[in-house]
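*Asks:* Structure file input-v7.cif, mmCIF, C-alpha atoms and all ligand atoms, is pasted below:
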data_query
loop_
_atom_site.label_atom_id
_atom_site.label_comp_id
_atom_site.auth_asym_id
_atom_site.auth_seq_id
_atom_site.Cartn_x
_atom_site.Cartn_y
_atom_site.Cartn_z
CA MET A 1 114.32 233.29 26.93
CA HIS A 2 115.40 235.30 23.86
CA ILE A 3 117.80 238.21 24.46
CA VAL A 4 119.18 240.78 22.05
CA VAL A 5 122.74 241.82 22.94
CA THR A 6 123.69 245.12 21.32
CA GLY A 7 127.43 245.72 21.00
CA GLY A 8 128.00 241.97 21.32
CA ALA A 9 131.15 242.05 19.16
CA GLY A 10 132.92 244.48 21.51
CA PHE A 11 134.96 243.70 24.62
CA ILE A 12 132.37 243.30 27.38
CA GLY A 13 129.54 242.29 25.05
CA ALA A 14 131.52 239.45 23.43
CA ASN A 15 132.56 238.13 26.85
CA PHE A 16 128.89 238.34 27.91
CA VAL A 17 127.71 236.44 24.84
CA ARG A 18 130.37 233.73 25.21
CA ARG A 19 129.59 233.28 28.90
CA THR A 20 125.85 233.23 28.30
CA VAL A 21 126.10 230.60 25.56
CA ASP A 22 128.42 228.47 27.73
CA THR A 23 126.42 228.66 30.96
CA ARG A 24 122.79 229.20 29.90
CA PRO A 25 121.78 226.78 27.16
CA ASP A 26 118.13 227.83 27.60
CA VAL A 27 118.87 231.40 26.44
CA ARG A 28 118.67 232.29 22.75
CA VAL A 29 121.07 235.14 21.85
CA THR A 30 120.83 237.59 18.97
CA VAL A 31 123.74 240.02 18.63
CA LEU A 32 123.11 243.43 17.05
CA ASP A 33 126.40 245.20 16.31
CA SER A 34 127.35 247.75 13.64
CA LEU A 35 130.96 246.48 13.69
CA THR A 36 132.78 249.76 14.29
CA TYR A 37 136.59 249.85 14.55
CA ALA A 38 136.14 248.68 18.20
CA ALA A 39 134.42 245.42 17.28
CA ASN A 40 136.17 242.16 16.52
CA GLU A 41 133.92 239.55 15.00
CA SER A 42 136.46 236.81 15.74
CA SER A 43 135.76 237.27 19.47
CA LEU A 44 132.55 235.36 18.73
CA ASP A 45 134.09 232.62 16.54
CA GLU A 46 133.62 229.78 19.05
CA VAL A 47 129.93 230.58 19.63
CA ARG A 48 128.99 231.84 16.18
CA ASP A 49 126.99 228.72 15.27
CA ARG A 50 124.96 229.00 18.48
CA ILE A 51 123.86 232.65 18.13
CA ASP A 52 122.15 234.88 15.56
CA PHE A 53 124.25 237.80 14.38
CA VAL A 54 122.82 240.94 12.78
CA LYS A 55 125.10 243.67 11.47
CA GLY A 56 123.29 246.94 12.10
CA SER A 57 123.24 250.11 14.16
CA ILE A 58 121.20 250.89 17.26
CA THR A 59 120.61 254.28 15.63
CA ASP A 60 118.64 252.62 12.81
CA PRO A 61 114.98 252.36 13.90
CA ALA A 62 114.00 249.85 11.19
CA VAL A 63 116.78 247.39 12.05
CA VAL A 64 116.20 247.76 15.80
CA ASP A 65 112.48 247.21 15.34
CA GLU A 66 112.98 244.03 13.35
CA VAL A 67 115.61 242.57 15.69
CA ILE A 68 113.82 243.16 18.98
CA ALA A 69 110.29 242.19 17.92
CA GLY A 70 109.41 239.09 19.95
CA ALA A 71 112.50 239.21 22.18
CA ASP A 72 112.19 239.01 25.97
CA ALA A 73 114.99 241.45 26.77
CA VAL A 74 117.60 243.74 25.26
CA VAL A 75 120.99 244.17 26.95
CA ASN A 76 122.52 247.38 25.62
CA PHE A 77 126.33 247.26 25.51
CA ALA A 78 126.55 249.17 22.21
CA ALA A 79 128.41 252.45 22.61
CA ASP A 80 131.37 254.47 21.50
CA THR A 81 133.58 253.94 24.54
CA HIS A 82 137.03 255.50 24.41
CA ASN A 83 137.49 258.78 26.30
CA ASP A 84 140.54 259.82 24.25
CA ASN A 85 138.58 259.45 21.00
CA SER A 86 135.68 261.45 22.43
CA LEU A 87 138.08 264.36 23.06
CA ASN A 88 139.21 264.20 19.45
CA ASP A 89 135.74 263.82 17.86
CA PRO A 90 132.68 263.80 20.13
CA TRP A 91 130.04 263.45 17.41
CA PRO A 92 129.89 259.63 17.02
CA PHE A 93 129.55 259.41 20.81
CA LEU A 94 126.52 261.68 20.82
CA ASP A 95 124.94 259.79 17.95
CA THR A 96 125.37 256.21 19.21
CA ASN A 97 125.28 256.74 22.96
CA ILE A 98 122.42 259.25 23.11
CA ARG A 99 120.37 258.89 19.92
CA GLY A 100 121.00 255.14 19.73
CA THR A 101 119.73 254.65 23.28
CA ALA A 102 116.64 256.73 22.44
CA VAL A 103 115.95 254.54 19.39
CA LEU A 104 116.20 251.42 21.58
CA LEU A 105 113.90 252.96 24.19
CA ASP A 106 111.31 253.83 21.59
CA ALA A 107 111.41 250.26 20.25
CA VAL A 108 111.28 248.46 23.62
CA ARG A 109 108.37 250.70 24.57
CA ARG A 110 106.35 249.79 21.47
CA HIS A 111 107.18 246.08 21.69
CA ASP A 112 106.99 245.90 25.52
CA VAL A 113 110.45 244.34 25.79
CA ARG A 114 112.60 244.55 28.95
CA LEU A 115 115.78 246.65 28.62
CA HIS A 116 118.98 246.45 30.65
CA HIS A 117 121.17 249.45 29.95
CA ILE A 118 124.92 249.10 30.55
CA SER A 119 126.48 252.29 31.83
CA THR A 120 129.62 253.46 33.57
CA ASP A 121 130.81 254.95 36.85
CA GLU A 122 132.22 257.85 34.82
CA VAL A 123 128.76 259.50 34.81
CA PHE A 124 129.52 260.59 38.40
CA GLY A 125 132.67 262.51 37.45
CA ASP A 126 135.68 261.91 39.67
CA LEU A 127 136.61 261.74 43.35
CA PRO A 128 139.60 263.25 45.13
CA LEU A 129 142.63 261.01 45.67
CA ASP A 130 143.16 259.68 49.17
CA THR A 131 139.61 259.98 50.54
CA PRO A 132 137.42 257.07 51.60
CA GLU A 133 134.51 258.54 49.56
CA ARG A 134 133.00 256.22 46.93
CA PHE A 135 130.19 256.47 44.34
CA THR A 136 126.76 255.14 45.34
CA GLU A 137 123.42 255.00 43.49
CA ASP A 138 122.64 258.41 45.06
CA THR A 139 125.77 260.24 43.87
CA PRO A 140 124.84 263.22 41.65
CA TYR A 141 125.81 263.07 37.97
CA ARG A 142 128.86 265.23 37.10
CA PRO A 143 130.44 263.80 33.92
CA SER A 144 133.72 265.24 32.64
CA SER A 145 134.36 264.07 29.08
CA PRO A 146 132.18 263.99 25.96
CA TYR A 147 132.09 260.18 26.39
CA SER A 148 130.93 260.26 30.00
CA ALA A 149 128.48 263.10 29.30
CA SER A 150 126.95 261.03 26.50
CA LYS A 151 126.62 257.99 28.80
CA ALA A 152 125.08 260.22 31.50
CA SER A 153 122.57 261.47 28.92
CA SER A 154 121.66 257.91 27.98
CA ASP A 155 121.00 257.04 31.64
CA HIS A 156 118.70 260.07 31.96
CA LEU A 157 116.79 258.96 28.86
CA VAL A 158 116.29 255.47 30.30
CA ARG A 159 114.92 256.90 33.56
CA ALA A 160 112.63 259.28 31.66
CA TRP A 161 111.18 256.41 29.59
CA VAL A 162 110.67 254.32 32.75
CA ARG A 163 108.83 257.10 34.52
CA SER A 164 106.90 258.62 31.61
CA PHE A 165 106.05 255.53 29.58
CA GLY A 166 106.36 252.63 32.02
CA VAL A 167 109.21 251.02 30.08
CA ARG A 168 110.61 247.98 31.96
CA ALA A 169 114.25 248.96 32.30
CA THR A 170 117.20 248.63 34.66
CA ILE A 171 120.57 250.39 34.60
CA SER A 172 123.99 249.34 35.85
CA ASN A 173 127.03 251.59 36.26
CA CYS A 174 130.22 249.57 36.39
CA SER A 175 133.82 250.47 37.07
CA ASN A 176 136.81 249.79 34.76
CA ASN A 177 136.75 246.30 33.23
CA TYR A 178 139.76 244.22 32.23
CA GLY A 179 140.20 240.76 30.74
CA PRO A 180 140.46 239.06 27.33
CA TYR A 181 139.17 240.55 24.06
CA GLN A 182 139.63 244.21 25.15
CA HIS A 183 140.62 246.62 22.37
CA VAL A 184 144.32 247.59 22.35
CA GLU A 185 143.45 251.30 22.61
CA LYS A 186 142.54 250.80 26.30
CA PHE A 187 145.09 251.12 29.13
CA ILE A 188 145.83 247.52 30.17
CA PRO A 189 145.82 245.88 26.70
CA ARG A 190 147.79 248.81 25.26
CA GLN A 191 150.62 248.35 27.74
CA ILE A 192 150.67 244.54 27.47
CA THR A 193 150.73 244.61 23.65
CA ASN A 194 153.34 247.38 23.63
CA VAL A 195 155.66 245.14 25.63
CA LEU A 196 154.81 242.15 23.40
CA SER A 197 155.61 244.18 20.28
CA GLY A 198 158.88 245.61 21.62
CA ALA A 199 157.58 249.12 22.41
CA ARG A 200 157.59 250.89 25.78
CA PRO A 201 154.33 251.29 27.75
CA LYS A 202 152.89 254.84 27.86
CA LEU A 203 151.74 256.36 31.14
CA TYR A 204 149.65 259.54 31.12
CA GLY A 205 151.10 262.24 33.37
CA ALA A 206 152.46 261.00 36.70
CA GLY A 207 150.21 257.93 36.69
CA LEU A 208 148.57 258.87 40.01
CA ASN A 209 145.00 258.59 38.68
CA VAL A 210 143.08 255.75 40.31
CA ARG A 211 140.73 253.33 38.55
CA ASP A 212 138.57 250.67 40.29
CA TRP A 213 139.29 247.47 38.32
CA ILE A 214 136.87 244.57 37.91
CA HIS A 215 137.27 241.39 35.87
CA VAL A 216 134.89 241.39 32.90
CA ASP A 217 133.37 238.03 33.97
CA ASP A 218 132.43 239.49 37.36
CA HIS A 219 130.75 242.44 35.62
CA ASN A 220 128.83 240.08 33.35
CA ASP A 221 127.73 237.85 36.24
CA ALA A 222 126.38 241.00 37.90
CA VAL A 223 124.46 241.86 34.72
CA TRP A 224 122.86 238.39 34.81
CA ALA A 225 122.00 238.87 38.50
CA ILE A 226 120.14 242.05 37.49
CA LEU A 227 118.39 240.34 34.57
CA ASP A 228 117.34 237.47 36.85
CA ARG A 229 116.48 239.29 40.06
CA GLY A 230 116.80 243.08 39.56
CA ALA A 231 113.90 245.39 40.37
CA ILE A 232 112.44 247.16 37.33
CA GLY A 233 113.29 250.88 37.34
CA GLU A 234 116.28 250.30 39.63
CA THR A 235 119.94 251.26 39.18
CA TYR A 236 122.79 249.07 40.45
CA LEU A 237 126.44 250.07 40.80
CA ILE A 238 128.92 247.28 40.04
CA GLY A 239 132.46 247.21 41.39
CA ALA A 240 134.86 244.77 43.05
CA ASP A 241 136.89 247.00 45.44
CA GLY A 242 139.75 247.07 42.94
CA GLU A 243 141.16 250.59 43.36
CA ARG A 244 144.71 251.01 42.05
CA SER A 245 146.72 253.87 40.58
CA ASN A 246 147.71 253.59 36.92
CA ARG A 247 151.34 253.61 38.04
CA GLU A 248 150.70 250.60 40.27
CA VAL A 249 148.86 248.67 37.53
CA LEU A 250 151.64 249.40 35.06
CA GLY A 251 154.20 248.22 37.64
CA MET A 252 152.30 244.93 37.99
CA ILE A 253 152.18 244.47 34.20
CA LEU A 254 155.93 245.12 33.88
CA GLU A 255 156.66 242.71 36.72
CA ALA A 256 154.38 240.00 35.28
CA MET A 257 156.14 240.39 31.92
CA GLY A 258 159.68 240.32 33.38
CA ARG A 259 160.49 243.97 32.61
CA PRO A 260 162.27 246.55 34.79
CA ALA A 261 159.96 248.80 36.83
CA ASP A 262 161.08 251.95 34.97
CA ASP A 263 160.68 250.54 31.45
CA PHE A 264 157.94 252.95 30.32
CA ASP A 265 157.49 256.46 28.85
CA ALA A 266 155.63 259.24 30.64
CA VAL A 267 153.53 260.91 27.93
CA PRO A 268 151.33 264.07 27.98
CA ASP A 269 148.28 263.75 30.23
CA ARG A 270 144.71 263.34 28.95
CA ALA A 271 142.76 266.65 28.86
CA GLY A 272 140.36 266.87 31.81
CA HIS A 273 141.67 263.52 33.09
CA ASP A 274 139.39 262.19 35.89
CA LEU A 275 141.43 261.66 39.07
CA ARG A 276 139.77 258.74 40.79
CA TYR A 277 136.79 256.40 40.46
CA ALA A 278 135.58 254.14 43.28
CA ILE A 279 132.37 252.12 43.55
CA ASP A 280 130.38 251.22 46.65
CA ALA A 281 128.58 248.07 45.45
CA THR A 282 126.60 247.50 48.65
CA ARG A 283 123.20 247.52 46.92
CA ILE A 284 123.83 244.79 44.37
CA ARG A 285 125.67 242.64 46.94
CA ARG A 286 122.89 243.01 49.52
CA ASP A 287 119.76 242.99 47.34
CA LEU A 288 120.81 240.53 44.62
CA GLY A 289 123.42 238.45 46.44
CA TRP A 290 126.08 239.13 43.78
CA GLU A 291 129.74 238.75 44.78
CA PRO A 292 132.81 239.07 42.56
CA ALA A 293 134.38 235.65 42.03
CA ARG A 294 137.57 236.96 40.40
CA ALA A 295 138.65 239.61 42.92
CA ASP A 296 142.34 238.53 42.86
CA PHE A 297 143.56 241.31 40.56
CA ALA A 298 147.18 240.06 40.31
CA GLN A 299 145.92 236.65 39.12
CA GLY A 300 143.40 238.19 36.71
CA LEU A 301 146.09 240.46 35.30
CA ALA A 302 148.53 237.55 34.85
CA ASP A 303 145.77 235.60 33.03
CA THR A 304 145.13 238.64 30.83
CA VAL A 305 148.85 239.00 29.99
CA ASN A 306 148.88 235.30 29.02
CA TRP A 307 145.77 235.72 26.90
CA TYR A 308 147.34 238.55 24.83
CA ARG A 309 150.61 236.58 24.61
CA ASP A 310 148.70 233.55 23.28
CA ASN A 311 146.45 235.47 20.87
CA PRO A 312 148.55 237.83 18.73
CA SER A 313 146.36 237.12 15.69
CA TRP A 314 143.42 238.67 17.58
CA TRP A 315 145.15 241.97 18.44
CA SER A 316 148.07 242.53 16.09
CA PRO A 317 146.13 243.58 12.93
CA GLY A 318 144.87 246.81 14.58
CA LYS A 319 147.89 247.57 16.78
CA ALA A 320 150.03 249.70 14.44
CA GLY A 321 147.09 251.92 13.48
CA VAL A 322 146.18 252.56 17.13
CA GLU A 323 149.76 253.44 18.03
CA SER A 324 150.23 255.80 15.09
CA ALA A 325 146.99 257.62 16.04
CA TYR A 326 148.29 257.95 19.63
CA ALA A 327 151.68 259.19 18.34
CA ARG A 328 149.96 261.85 16.19
CA ARG A 329 147.93 263.00 19.21
CA GLU A 330 151.02 263.14 21.45
CA ALA A 331 152.90 265.17 18.82
CA SER A 332 150.04 267.67 18.47
CA ASP A 333 149.92 268.07 22.28
CA VAL A 334 153.53 269.24 22.58
P1 LIG B 1 133.82 248.36 23.09
O1 LIG B 1 134.22 249.68 22.50
O2 LIG B 1 134.86 247.30 23.24
O3 LIG B 1 132.63 247.74 22.23
C1 LIG B 1 131.53 248.49 21.81
C2 LIG B 1 130.76 247.66 20.79
O4 LIG B 1 129.60 248.41 20.41
C3 LIG B 1 131.56 247.37 19.50
O5 LIG B 1 131.39 246.03 19.11
C4 LIG B 1 130.92 248.31 18.48
O6 LIG B 1 130.98 247.83 17.13
C5 LIG B 1 129.48 248.38 18.98
N1 LIG B 1 128.80 249.59 18.53
C6 LIG B 1 129.27 250.88 18.56
N2 LIG B 1 128.37 251.70 18.02
C7 LIG B 1 127.29 250.93 17.67
C8 LIG B 1 126.04 251.22 17.07
N3 LIG B 1 125.70 252.47 16.71
N4 LIG B 1 125.19 250.20 16.86
C9 LIG B 1 125.52 248.91 17.20
N5 LIG B 1 126.70 248.60 17.74
C10 LIG B 1 127.57 249.60 17.98
O7 LIG B 1 133.15 248.70 24.48
P2 LIG B 1 133.15 247.91 25.87
O8 LIG B 1 134.35 248.29 26.64
O9 LIG B 1 132.83 246.49 25.62
O10 LIG B 1 131.90 248.61 26.59
C11 LIG B 1 130.58 248.07 26.46
C12 LIG B 1 129.63 248.92 27.29
O11 LIG B 1 130.04 248.90 28.65
C13 LIG B 1 129.57 250.39 26.88
O12 LIG B 1 128.25 250.82 26.98
C14 LIG B 1 130.43 251.10 27.91
O13 LIG B 1 130.02 252.43 28.10
C15 LIG B 1 130.17 250.24 29.13
N6 LIG B 1 131.24 250.22 30.15
C16 LIG B 1 132.51 249.88 29.80
C17 LIG B 1 133.49 249.80 30.79
C18 LIG B 1 134.91 249.39 30.47
O14 LIG B 1 135.77 249.43 31.35
N7 LIG B 1 135.23 248.98 29.25
C19 LIG B 1 133.16 250.09 32.12
C20 LIG B 1 131.85 250.44 32.43
C21 LIG B 1 130.89 250.48 31.44
O1 LIG B 2 148.04 254.69 27.20
C1 LIG B 2 147.38 255.01 28.19
N1 LIG B 2 148.03 255.45 29.31
C2 LIG B 2 147.38 255.82 30.45
O2 LIG B 2 148.03 256.22 31.43
C3 LIG B 2 145.93 254.91 28.22
C4 LIG B 2 145.18 254.43 27.01
C5 LIG B 2 145.28 255.26 29.40
N2 LIG B 2 145.98 255.72 30.47
C6 LIG B 2 145.24 256.04 31.72
C7 LIG B 2 144.02 256.90 31.57
C8 LIG B 2 143.11 256.38 32.68
O3 LIG B 2 143.43 257.02 33.90
O4 LIG B 2 144.76 254.77 32.21
C9 LIG B 2 143.46 254.91 32.80
C10 LIG B 2 142.48 253.99 32.07
O5 LIG B 2 142.32 254.51 30.77
P1 LIG B 2 141.29 253.87 29.70
O6 LIG B 2 141.61 252.44 29.51
O7 LIG B 2 141.23 254.76 28.52
O8 LIG B 2 139.93 253.87 30.55
P2 LIG B 2 139.05 255.05 31.22
O9 LIG B 2 139.26 256.34 30.56
O10 LIG B 2 139.23 254.94 32.70
O11 LIG B 2 137.56 254.52 30.80
C11 LIG B 2 137.24 253.11 30.86
O12 LIG B 2 136.49 252.79 31.99
C12 LIG B 2 135.17 253.25 32.05
C13 LIG B 2 136.50 252.67 29.61
O13 LIG B 2 137.27 252.98 28.46
C14 LIG B 2 135.16 253.32 29.55
O14 LIG B 2 134.43 252.87 28.41
C15 LIG B 2 134.39 252.94 30.79
O15 LIG B 2 133.17 253.62 30.82
#
Mind turning this structure into structure tokens?
Ligand code: NAD
Ligand code: TDX
*Replies:*
Amino acid sequence: MHIVVTGGAGFIGANFVRRTVDTRPDVRVTVLDSLTYAANESSLDEVRDRIDFVKGSITDPAVVDEVIAGADAVVNFAADTHNDNSLNDPWPFLDTNIRGTAVLLDAVRRHDVRLHHISTDEVFGDLPLDTPERFTEDTPYRPSSPYSASKASSDHLVRAWVRSFGVRATISNCSNNYGPYQHVEKFIPRQITNVLSGARPKLYGAGLNVRDWIHVDDHNDAVWAILDRGAIGETYLIGADGERSNREVLGMILEAMGRPADDFDAVPDRAGHDLRYAIDATRIRRDLGWEPARADFAQGLADTVNWYRDNPSWWSPGKAGVESAYARREASDV
């Protein structure tokens, strides 16, 4: 089997590529990644001699055409992914997430290649705090940010190409991932690397917003379950019952790192900040037999803290730039 992994130098994509190379020697992997600020080529160092790597954009029809010709499947992780950045400048999000997905769809249609499109639970908007309600495959789309609206648009395009042109595609919408190789702009790595570099963690608002955390390896195992056994045209929600408030997660990070519980700064809230996400993953568990293997969040978080502690050369080059961009945004908010 030959798969093309777009966005394979980013957080989830690189973990997917590493895991695939380690566990599926029969699969040939080609990574297509334009190497934006969010990519880190060194995430692929250990597997680099066992994959093909192409630097190029999913918005470039010629490159996409060449890379996917003859492949069995494309797994599309490539996206602009940070909500805060999408509030600052939405345009790259519209280009990569919407137009890039359309370019991929056009190419997989012409070459008759299977597509698995990686999406997010944020397409459903948010849920109230303190209700048992969770997102299912039937929840209406109600995205809040330019990022989530662009991901929602990409999902609609995939469904339109399935229905109108018979493209063989599947979609998954996953909850918040954590684990190694995640960019330091995101919540968990930002707080861990702040502590490691002697700065205080930064909590938006009162920290009551809830995210449904899943270990990146569990997400990627679910993606393989869909590639192996998923029904064409189907959507699967992926989540591991990991709901926690940001305040609680930060408290666990501080505890794991031996810091006092109040050793953080409350900073201005994100505009339009979604309150709560929660996934009902009944369909993928029941139909595909997938189960999260790393559902112990405290253990996964401790492993993640250790990974950032052990790998400063991976994250430190970009850290100061990310923090000064955040500081500029905070100052302009006041
Ligand atoms: P990331 O920002 O860490 O990585 C994105 C990768 O895509 C980078 O390597 C980047 O260079 C590449 N890329 C960006 N634009 C590209 C383009 N035009 N052409 C080719 N490559 C391009 O993102 P991530 O957190 O690994 O997310 C991967 C996917 O999973 C995204 O589609 C995201 O929407 C989805 N997702 C993420 C989460 C999460 O918690 N991180 C949760 C659910 C879904
Ligand atoms: O410094 C911070 N302080 C803080 O309180 C940052 C960076 C974030 N937060 C809050 C905002 C969110 O409630 O933490 C929560 C998580 O924030 P992010 O890591 O930015 O993730 P989120 O906005 O929830 O989106 C993530 O999950 C869904 C990914 O970035 C998306 O790509 C994915 O689709």
*Asks:* Just the residues within 12 Å of Val162 in chain A, please, counting only C-alpha atoms, with nothing from its chain fewer than 2 positions along; format it as a list in words.
*Replies:*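 So, after excluding close chain neighbours, the residues are Leu105, Asp106, Val108, Arg109, Asp112, Arg114, Leu115, His116, His117, Asp155, His156, Leu157, Val158, Arg159, Ala160, Ser164, Phe165, Gly166, Val167, Arg168, Ala169, Thr170, Ile171, Ile232, Gly233, Glu234 and Thr235 of chain A.
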*Asks:* Return as JSON lines the residues of chain A lying at most 9 Å from ligand LIG 2 (chain B), together with the closest atom-to-atom pair for each and the distance in Å to one decimal, counting only C-alpha atoms and all ligand atoms, with rows in chain order and ascending residue number.
*Replies:*
{"residue": "A:Ala79", "atom": "CA", "partner": "B:LIG2", "partner_atom": "O14", "distance": 8.4}
{"residue": "A:Asp80", "atom": "CA", "partner": "B:LIG2", "partner_atom": "O14", "distance": 7.7}
{"residue": "A:Thr81", "atom": "CA", "partner": "B:LIG2", "partner_atom": "O14", "distance": 4.1}
{"residue": "A:His82", "atom": "CA", "partner": "B:LIG2", "partner_atom": "O13", "distance": 4.8}
{"residue": "A:Asn83", "atom": "CA", "partner": "B:LIG2", "partner_atom": "O9", "distance": 5.2}
{"residue": "A:Asp84", "atom": "CA", "partner": "B:LIG2", "partner_atom": "O7", "distance": 6.7}
{"residue": "A:Ser119", "atom": "CA", "partner": "B:LIG2", "partner_atom": "O15", "distance": 6.9}
{"residue": "A:Thr120", "atom": "CA", "partner": "B:LIG2", "partner_atom": "O15", "distance": 4.5}
{"residue": "A:Asp121", "atom": "CA", "partner": "B:LIG2", "partner_atom": "O15", "distance": 6.6}
{"residue": "A:Glu122", "atom": "CA", "partner": "B:LIG2", "partner_atom": "O15", "distance": 5.9}
{"residue": "A:Val123", "atom": "CA", "partner": "B:LIG2", "partner_atom": "O15", "distance": 8.4}
{"residue": "A:Tyr147", "atom": "CA", "partner": "B:LIG2", "partner_atom": "O14", "distance": 7.9}
{"residue": "A:Ser148", "atom": "CA", "partner": "B:LIG2", "partner_atom": "O15", "distance": 7.1}
{"residue": "A:Lys151", "atom": "CA", "partner": "B:LIG2", "partner_atom": "O15", "distance": 8.1}
{"residue": "A:Asn173", "atom": "CA", "partner": "B:LIG2", "partner_atom": "O15", "distance": 8.5}
{"residue": "A:Cys174", "atom": "CA", "partner": "B:LIG2", "partner_atom": "O15", "distance": 7.5}
{"residue": "A:Ser175", "atom": "CA", "partner": "B:LIG2", "partner_atom": "C12", "distance": 5.9}
{"residue": "A:Asn176", "atom": "CA", "partner": "B:LIG2", "partner_atom": "O12", "distance": 4.1}
{"residue": "A:Asn177", "atom": "CA", "partner": "B:LIG2", "partner_atom": "O12", "distance": 6.6}
{"residue": "A:Tyr178", "atom": "CA", "partner": "B:LIG2", "partner_atom": "O6", "distance": 8.9}
{"residue": "A:Val184", "atom": "CA", "partner": "B:LIG2", "partner_atom": "C4", "distance": 8.3}
{"residue": "A:Glu185", "atom": "CA", "partner": "B:LIG2", "partner_atom": "C4", "distance": 5.7}
{"residue": "A:Lys186", "atom": "CA", "partner": "B:LIG2", "partner_atom": "O6", "distance": 3.7}
{"residue": "A:Phe187", "atom": "CA", "partner": "B:LIG2", "partner_atom": "O6", "distance": 3.7}
{"residue": "A:Ile188", "atom": "CA", "partner": "B:LIG2", "partner_atom": "O6", "distance": 6.5}
{"residue": "A:Pro189", "atom": "CA", "partner": "B:LIG2", "partner_atom": "O6", "distance": 8.3}
{"residue": "A:Arg190", "atom": "CA", "partner": "B:LIG2", "partner_atom": "O1", "distance": 6.2}
{"residue": "A:Gln191", "atom": "CA", "partner": "B:LIG2", "partner_atom": "O1", "distance": 6.9}
{"residue": "A:Pro201", "atom": "CA", "partner": "B:LIG2", "partner_atom": "O1", "distance": 7.2}
{"residue": "A:Lys202", "atom": "CA", "partner": "B:LIG2", "partner_atom": "O1", "distance": 4.9}
{"residue": "A:Leu203", "atom": "CA", "partner": "B:LIG2", "partner_atom": "O2", "distance": 3.7}
{"residue": "A:Tyr204", "atom": "CA", "partner": "B:LIG2", "partner_atom": "O2", "distance": 3.7}
{"residue": "A:Gly205", "atom": "CA", "partner": "B:LIG2", "partner_atom": "O2", "distance": 7.0}
{"residue": "A:Ala206", "atom": "CA", "partner": "B:LIG2", "partner_atom": "O2", "distance": 8.4}
{"residue": "A:Gly207", "atom": "CA", "partner": "B:LIG2", "partner_atom": "O2", "distance": 5.9}
{"residue": "A:Leu208", "atom": "CA", "partner": "B:LIG2", "partner_atom": "O3", "distance": 8.2}
{"residue": "A:Asn209", "atom": "CA", "partner": "B:LIG2", "partner_atom": "O3", "distance": 5.3}
{"residue": "A:Val210", "atom": "CA", "partner": "B:LIG2", "partner_atom": "O3", "distance": 6.5}
{"residue": "A:Arg211", "atom": "CA", "partner": "B:LIG2", "partner_atom": "O10", "distance": 6.3}
{"residue": "A:Asp212", "atom": "CA", "partner": "B:LIG2", "partner_atom": "O10", "distance": 8.7}
{"residue": "A:Trp213", "atom": "CA", "partner": "B:LIG2", "partner_atom": "O12", "distance": 8.7}
{"residue": "A:Ser245", "atom": "CA", "partner": "B:LIG2", "partner_atom": "O3", "distance": 8.1}
{"residue": "A:Asn246", "atom": "CA", "partner": "B:LIG2", "partner_atom": "O4", "distance": 5.7}
{"residue": "A:Arg247", "atom": "CA", "partner": "B:LIG2", "partner_atom": "O2", "distance": 7.8}
{"residue": "A:Leu250", "atom": "CA", "partner": "B:LIG2", "partner_atom": "O2", "distance": 8.5}
{"residue": "A:Ala266", "atom": "CA", "partner": "B:LIG2", "partner_atom": "O2", "distance": 8.2}
{"residue": "A:Val267", "atom": "CA", "partner": "B:LIG2", "partner_atom": "N1", "distance": 7.9}
{"residue": "A:Asp269", "atom": "CA", "partner": "B:LIG2", "partner_atom": "O2", "distance": 7.6}
{"residue": "A:Arg270", "atom": "CA", "partner": "B:LIG2", "partner_atom": "C7", "distance": 7.0}
{"residue": "A:His273", "atom": "CA", "partner": "B:LIG2", "partner_atom": "O3", "distance": 6.8}
{"residue": "A:Asp274", "atom": "CA", "partner": "B:LIG2", "partner_atom": "O3", "distance": 6.9}
{"residue": "A:Leu275", "atom": "CA", "partner": "B:LIG2", "partner_atom": "O3", "distance": 7.2}
{"residue": "A:Arg276", "atom": "CA", "partner": "B:LIG2", "partner_atom": "O3", "distance": 8.0}
{"residue": "A:Tyr277", "atom": "CA", "partner": "B:LIG2", "partner_atom": "O10", "distance": 8.3}
{"residue": "A:Tyr326", "atom": "CA", "partner": "B:LIG2", "partner_atom": "O1", "distance": 8.2}
*Asks:* For the atom pair CA of Leu127 in chain A and CA of Arg244 in chain A, what is the interatomic distance in Å to one decimal place?
*Replies:*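 Straight-line distance from CA of Leu127 in chain A to CA of Arg244 in chain A works out to 13.5 Å.
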*Asks:* From the set A:Ala71, A:Val322, A:Arg18, A:Ser150, which residue has the shortest atom-to-atom contact distance to His2 in chain A, counting all atoms listed in the file?
*Replies:* A:Ala71
*Asks:* Rank A:Gly239, A:Pro132, A:Gly272, A:Pro25 by their smallest atom-to-atom distance to ligand LIG 1 (chain B), using only C-alpha atoms and all ligand atoms, and report the top residue only.
*Replies:* A:Gly239
*Asks:* Find the residue from A:Arg134, A:His219, A:Thr96, A:Val64 that sits nearest to His111 in chain A; use all atoms listed in the file when measuring.
*Replies:*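 Looking at the shortest contact to His111 in chain A, the residue is A:Val64.
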*Asks:* Which one is closest to Asp263 in chain A: A:Ile284, A:Ala293, A:Ala199, A:Val75? Count all atoms listed in the file.
*Replies:*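 Result for the nearest residue to Asp263 in chain A: A:Ala199.
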*Asks:* Find the spatial neighbours of Val27 in chain A, counting only C-alpha atoms, within a cut-off of 9 Å - ignore same-chain residues fewer than 6 positions away - and output them as a PDB file with C-alpha atoms, in the frame of the given file.
*Replies:*
ATOM      1  CA  MET A   1     114.320 233.290  26.930  1.00  0.00           C
ATOM      2  CA  HIS A   2     115.400 235.300  23.860  1.00  0.00           C
ATOM      3  CA  ILE A   3     117.800 238.210  24.460  1.00  0.00           C
ATOM      4  CA  THR A  20     125.850 233.230  28.300  1.00  0.00           C
ATOM      5  CA  VAL A  21     126.100 230.600  25.560  1.00  0.00           C
TER       6      VAL A  21
END
